[in-house]
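File shown: start_26.txt (compact mmCIF, C-alpha atoms).
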```
# COMPACT_ATOMS: atom_id res chain seq x y z
CA MET A 1 -14.09 21.73 -10.38
CA PRO A 2 -12.73 18.99 -8.05
CA MET A 3 -12.45 20.11 -4.43
CA LEU A 4 -11.57 18.55 -1.10
CA PRO A 5 -14.73 18.46 1.06
CA THR A 6 -14.69 20.90 3.98
CA GLU A 7 -14.82 18.16 6.61
CA MET A 8 -11.81 16.45 5.00
CA ARG A 9 -9.89 19.71 4.88
CA LEU A 10 -10.54 20.22 8.59
CA ARG A 11 -9.52 16.64 9.29
CA TYR A 12 -6.23 17.22 7.48
CA LYS A 13 -5.46 20.27 9.60
CA THR A 14 -6.07 18.19 12.73
CA LEU A 15 -4.02 15.21 11.59
CA GLN A 16 -1.30 16.84 9.49
CA LYS A 17 1.54 16.39 11.99
CA GLU A 18 0.53 12.79 12.70
CA ILE A 19 0.37 12.04 8.98
CA GLU A 20 3.79 13.60 8.39
CA ALA A 21 5.22 11.55 11.27
CA ARG A 22 3.81 8.34 9.77
CA LEU A 23 5.37 9.11 6.39
CA ASN A 24 8.69 9.72 8.12
CA ASP A 25 8.31 6.31 9.77
CA PHE A 26 8.00 4.74 6.33
CA ALA A 27 11.15 6.52 5.15
CA SER A 28 13.12 5.02 8.04
CA VAL A 29 12.20 1.38 7.31
CA GLN A 30 15.39 -0.67 7.01
CA LYS A 31 16.03 -3.09 4.16
CA GLU A 32 15.89 -5.98 6.64
CA MET A 33 12.15 -5.27 6.79
CA TRP A 34 11.52 -5.12 3.05
CA CYS A 35 10.60 -8.81 2.83
CA TYR A 36 8.04 -8.40 5.60
CA GLU A 37 6.60 -5.23 4.05
CA LEU A 38 6.16 -7.24 0.86
CA CYS A 39 4.40 -9.95 2.85
CA TYR A 40 2.09 -7.32 4.32
CA CYS A 41 1.12 -5.95 0.90
CA LEU A 42 0.57 -9.44 -0.49
CA LEU A 43 -1.69 -10.32 2.45
CA THR A 44 -3.84 -7.20 2.80
CA PRO A 45 -6.06 -7.34 -0.33
CA GLN A 46 -9.61 -8.19 0.83
CA SER A 47 -8.34 -8.86 4.35
CA LYS A 48 -8.11 -6.78 7.51
CA ALA A 49 -4.96 -4.67 7.81
CA ARG A 50 -4.69 -5.52 11.50
CA ASN A 51 -4.74 -9.23 10.74
CA ALA A 52 -2.10 -8.85 8.04
CA ASP A 53 0.06 -6.87 10.43
CA SER A 54 -0.22 -9.53 13.14
CA VAL A 55 0.73 -12.25 10.64
CA VAL A 56 3.75 -10.27 9.50
CA ARG A 57 4.92 -9.78 13.08
CA LEU A 58 4.67 -13.52 13.65
CA LEU A 59 6.53 -14.29 10.41
CA GLN A 60 9.25 -11.88 11.43
CA SER A 61 9.62 -13.60 14.82
CA LEU A 62 9.99 -16.91 12.94
CA ASN A 63 12.66 -15.44 10.62
CA PHE A 64 10.50 -16.21 7.59
CA GLU A 65 12.86 -14.47 5.15
CA LYS A 66 15.79 -16.74 6.03
CA HIS A 67 13.72 -19.85 6.78
CA PRO A 68 10.65 -19.66 4.51
CA PHE A 69 7.82 -22.14 4.92
CA ASN A 70 4.20 -22.63 3.86
CA ALA A 71 2.32 -20.33 6.25
CA ALA A 72 -1.19 -21.34 5.17
CA ALA A 73 -2.08 -22.64 8.64
CA ILE A 74 -1.15 -19.32 10.22
CA LEU A 75 -3.10 -17.35 7.63
CA ALA A 76 -6.14 -19.59 8.11
CA SER A 77 -6.17 -19.38 11.91
CA SER A 78 -9.00 -17.50 13.59
CA GLU A 79 -6.47 -15.28 15.37
CA HIS A 80 -4.89 -13.99 12.15
CA TYR A 81 -7.49 -14.87 9.50
CA ILE A 82 -6.48 -13.86 5.97
CA ARG A 83 -8.84 -14.47 3.06
CA PHE A 84 -7.57 -16.74 0.28
CA HIS A 85 -4.97 -18.02 2.72
CA ASN A 86 -3.72 -20.88 0.53
CA THR A 87 -3.10 -18.64 -2.47
CA LYS A 88 -1.50 -15.92 -0.38
CA ALA A 89 0.69 -18.42 1.47
CA ARG A 90 2.01 -19.63 -1.89
CA ARG A 91 2.64 -16.06 -2.99
CA ILE A 92 4.62 -14.95 0.05
CA LEU A 93 6.64 -18.17 -0.12
CA ALA A 94 7.43 -17.61 -3.81
CA MET A 95 8.32 -13.99 -3.07
CA THR A 96 11.14 -15.04 -0.72
CA GLU A 97 12.91 -16.56 -3.73
CA GLN A 98 12.98 -13.12 -5.36
CA ILE A 99 13.75 -10.92 -2.37
CA ASP A 100 17.41 -10.53 -3.33
CA ALA A 101 16.35 -9.31 -6.78
CA VAL A 102 13.92 -6.88 -5.12
CA LYS A 103 16.68 -5.53 -2.89
CA GLY A 104 18.89 -5.08 -5.94
CA LEU A 105 16.09 -3.22 -7.71
CA LEU A 106 15.56 -0.88 -4.77
CA ALA A 107 19.28 -0.10 -4.57
CA SER A 108 19.55 0.67 -8.30
CA GLY A 109 18.40 4.30 -8.16
CA LEU A 110 15.43 3.85 -10.47
CA HIS A 111 12.45 6.17 -10.31
CA PRO A 112 9.63 4.76 -8.11
CA GLN A 113 7.43 4.35 -11.18
CA GLU A 114 10.11 2.15 -12.78
CA GLU A 115 10.43 0.17 -9.57
CA ARG A 116 6.68 -0.33 -9.60
CA MET A 117 6.77 -1.52 -13.20
CA TRP A 118 9.34 -4.20 -12.30
CA LEU A 119 7.43 -5.34 -9.23
CA THR A 120 4.13 -5.72 -11.07
CA ALA A 121 5.87 -7.70 -13.82
CA ASN A 122 7.90 -9.99 -11.57
CA ILE A 123 6.17 -10.57 -8.21
CA VAL A 124 3.03 -12.69 -8.41
CA GLY A 125 0.23 -11.03 -6.47
CA LEU A 126 1.52 -7.47 -6.81
CA GLY A 127 -0.59 -5.32 -9.08
CA MET A 128 -0.33 -1.56 -9.45
CA LYS A 129 -2.04 -0.92 -6.13
CA GLU A 130 -0.06 -3.48 -4.11
CA SER A 131 3.27 -2.44 -5.65
CA SER A 132 2.53 1.22 -4.91
CA HIS A 133 1.55 0.28 -1.37
CA PHE A 134 4.81 -1.60 -0.78
CA LEU A 135 6.94 1.20 -2.19
CA ARG A 136 5.14 3.82 -0.08
CA ASN A 137 5.62 1.67 3.01
CA ILE A 138 9.40 1.70 2.53
CA GLY A 139 9.59 5.45 1.94
CA ARG A 140 8.97 6.01 -1.76
CA ARG A 141 6.74 8.99 -2.52
CA GLY A 142 4.40 10.14 -5.26
CA LEU A 143 2.63 6.89 -6.13
CA ALA A 144 -1.12 6.39 -5.85
CA ILE A 145 -2.48 3.45 -3.87
CA ILE A 146 -5.90 3.09 -5.46
CA ASP A 147 -8.63 0.71 -4.37
CA ARG A 148 -12.40 0.92 -3.99
CA HIS A 149 -12.14 2.77 -0.67
CA ILE A 150 -9.88 5.45 -2.13
CA ILE A 151 -12.07 5.67 -5.24
CA LYS A 152 -15.04 6.49 -3.01
CA HIS A 153 -13.15 9.48 -1.60
CA LEU A 154 -11.86 10.56 -5.02
CA ASN A 155 -15.42 10.60 -6.31
CA ASN A 156 -16.47 12.65 -3.27
CA CYS A 157 -13.80 15.16 -4.28
CA GLY A 158 -15.11 15.32 -7.84
CA ILE A 159 -12.41 13.11 -9.37
CA GLU A 160 -14.33 10.54 -11.39
CA ALA A 161 -13.01 7.00 -11.04
CA ASP A 162 -14.55 3.59 -11.63
CA ALA A 163 -13.59 0.77 -9.27
CA LYS A 164 -14.47 -1.81 -11.93
CA ARG A 165 -11.79 -0.43 -14.28
CA ILE A 166 -8.96 0.20 -11.83
CA GLY A 167 -7.36 -3.17 -12.57
CA ASN A 168 -6.43 -1.87 -16.01
CA LYS A 169 -2.89 -0.40 -15.93
CA LYS A 170 -3.59 2.52 -18.28
CA TYR A 171 -6.77 3.45 -16.43
CA TYR A 172 -4.95 3.20 -13.10
CA GLU A 173 -2.26 5.60 -14.36
CA ASP A 174 -4.94 7.97 -15.69
CA VAL A 175 -6.65 8.15 -12.29
CA GLU A 176 -3.26 8.50 -10.60
CA ASN A 177 -2.30 11.44 -12.81
CA ARG A 178 -5.61 13.20 -12.22
CA TRP A 179 -5.25 12.64 -8.48
CA LEU A 180 -1.67 13.99 -8.54
CA ASN A 181 -2.85 17.13 -10.32
CA PHE A 182 -5.63 17.55 -7.76
CA CYS A 183 -3.10 17.21 -4.94
CA LYS A 184 -1.01 20.02 -6.43
CA LEU A 185 -4.04 22.28 -6.47
CA GLU A 186 -4.88 21.41 -2.87
CA GLY A 187 -1.29 21.75 -1.64
CA ILE A 188 -1.37 18.26 -0.09
CA THR A 189 0.86 15.46 -1.34
CA ILE A 190 -0.73 12.28 -2.65
CA ASP A 191 0.93 10.33 0.18
CA GLU A 192 -0.61 12.62 2.78
CA MET A 193 -4.01 12.50 1.12
CA ASP A 194 -3.95 8.71 1.00
CA LEU A 195 -3.40 8.51 4.77
CA LEU A 196 -6.02 11.21 5.26
CA PHE A 197 -8.62 9.21 3.34
CA TRP A 198 -7.73 6.01 5.19
CA SER A 199 -7.95 7.73 8.55
CA ALA A 200 -11.53 8.63 7.63
CA GLU A 201 -12.18 4.96 6.82
CA THR A 202 -10.60 3.39 9.89
CA GLY A 203 -10.38 6.16 12.48
CA GLU A 204 -6.61 5.76 12.70
CA ILE A 205 -3.44 6.18 10.64
CA LEU A 206 -2.00 2.77 9.81
CA LYS A 207 -0.19 1.78 6.64
```
Using the file provided, produce a representation of the structure as structure tokens.
Amino acid sequence: MPMLPTEMRLRYKTLQKEIEARLNDFASVQKEMWCYELCYCLLTPQSKARNADSVVRLLQSLNFEKHPFNAAAILASSEHYIRFHNTKARRILAMTEQIDAVKGLLASGLHPQEERMWLTANIVGLGMKESSHFLRNIGRRGLAIIDRHIIKHLNNCGIEADAKRIGNKKYYEDVENRWLNFCKLEGITIDEMDLLFWSAETGEILK
């Protein structure tokens, strides 16, 4: 039977209040930041979260949403290095053309899973994981953000998942549903458990 390892359970007790505070931070993100949260989630795959965060802060200071430009040089710099910087620069630039549609989507009252479906279908570079990540970072709850790091922890809990298959939508949803059921048994939300697992990876609670 799947079970949260003892050391992870103890870690949760230690970090519970900090994790709850971080989730409350996400819920308070204003719509003026949605474009930059999308940038962050388009930049983070296979790149350091700290670097993506520093790029986003710079883009925000340059009013990237209102005055978009090709940011490849910034992404390629040693100070902010983002892998696949040319591709990702094109993606965040293209995203700015759809940000009004994204804002309309998020104001429509759809279920987060329906919002995710639209994002994956319409924003180049956002798969299931990245769309879930963006939605969580603006306060949506109950979506799994699954990558190879999370899969390692799921397997440690006895929830079998294969990183090579997670790009398949149906398989992603299957793992997500099994993880959600596990969270109910443990009495920890999936959003809390995600931050718990990441704190074990990085030693801190980021996003």
Taken to one decimal, the atom CA of A:Leu119-atom CA of A:Leu105 distance is 9.0 Å
Can you pull out every residue within 9 Å of A:Tyr12, counting all atoms listed in the file, but drop anything in the same chain fewer than 5 positions away, and send it as a list in words?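 Listing them by chain and then by number gives Glu7, Ile19, Glu192, Met193 and Leu196 of chain A.
You will find atom CA of A:Arg116 at 9.0 Å from atom CA of A:Leu143.
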Using all atoms listed in the file, the best pick from A:Ile205, A:Leu43, A:Ala161, A:Leu195 as closest to A:Arg178 would be A:Ala161
Interatomic distance (Å, one decimal) between atom CA of A:His85 and atom CA of A:Thr202: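 Straight-line distance from atom CA of A:His85 to atom CA of A:Thr202 works out to 23.3 Å.
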Which of these residues is nearest to A:Thr96, using only C-alpha atoms: A:Gly125, A:Pro68, A:Gly109, A:Pro45?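 Checking each of A:Gly125, A:Pro68, A:Gly109, A:Pro45 against A:Thr96, counting only C-alpha atoms, the winner is A:Pro68.
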Residue nearest A:Ser199 among A:Ile150, A:Ala76, A:Met128, A:Ile166 (counting only C-alpha atoms):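 Answer, going by the shortest atom-to-atom distance: A:Ile150.
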Neighbourhood query: residues within 12 Å of (-3.5, -3.2, 3.7), file coordinates, counting all atoms listed in the file; return as a PyMOL selection string. chain A and resi 37-54+56+82+129-134+136-137+145-147+149+195+198+202+205-207
Identify which of the residues A:Gly167, A:Trp118, A:Leu185, A:Asn156 lies closest to A:Pro5, counting all atoms listed in the file when measuring atom-to-atom distances.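 Of all the options, A:Asn156 lies closest to A:Pro5.
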Would you mind telling me which residue in A:Phe182, A:Tyr172, A:Phe197, A:Tyr36 lies nearest to A:Lys66 when using all atoms listed in the file?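 Checking each of A:Phe182, A:Tyr172, A:Phe197, A:Tyr36 against A:Lys66, counting all atoms listed in the file, the winner is A:Tyr36.
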Which of these, A:Arg140, A:Lys13, A:Arg165, A:Arg83, has the shortest distance to A:Glu114 once you count all atoms listed in the file?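 Checking each of A:Arg140, A:Lys13, A:Arg165, A:Arg83 against A:Glu114, counting all atoms listed in the file, the winner is A:Arg140.
The neighbours of A:Gln30 here are the residues that come within 12 Å of it, using only C-alpha atoms and leaving out any residue fewer than 2 positions away in the same chain; they are Asp25, Phe26, Ala27, Ser28, Glu32, Met33, Trp34, Cys35, Tyr36, Glu37, Lys103, Leu106, Asn137, Ile138 and Gly139 of chain A.
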Give me the residues near A:Ile151 as a PyMOL selection string, where near means some atom within 9 Å (using only C-alpha atoms) and where sequence neighbours in that chain fewer than 6 positions away do not count. chain A and resi 159-163
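Close to (-2.7, 9.7, -6.2), meaning no more than 6 Å away when counting only C-alpha atoms, sit the residues Ala144, Glu176, Trp179, Leu180 and Ile190 of chain A.
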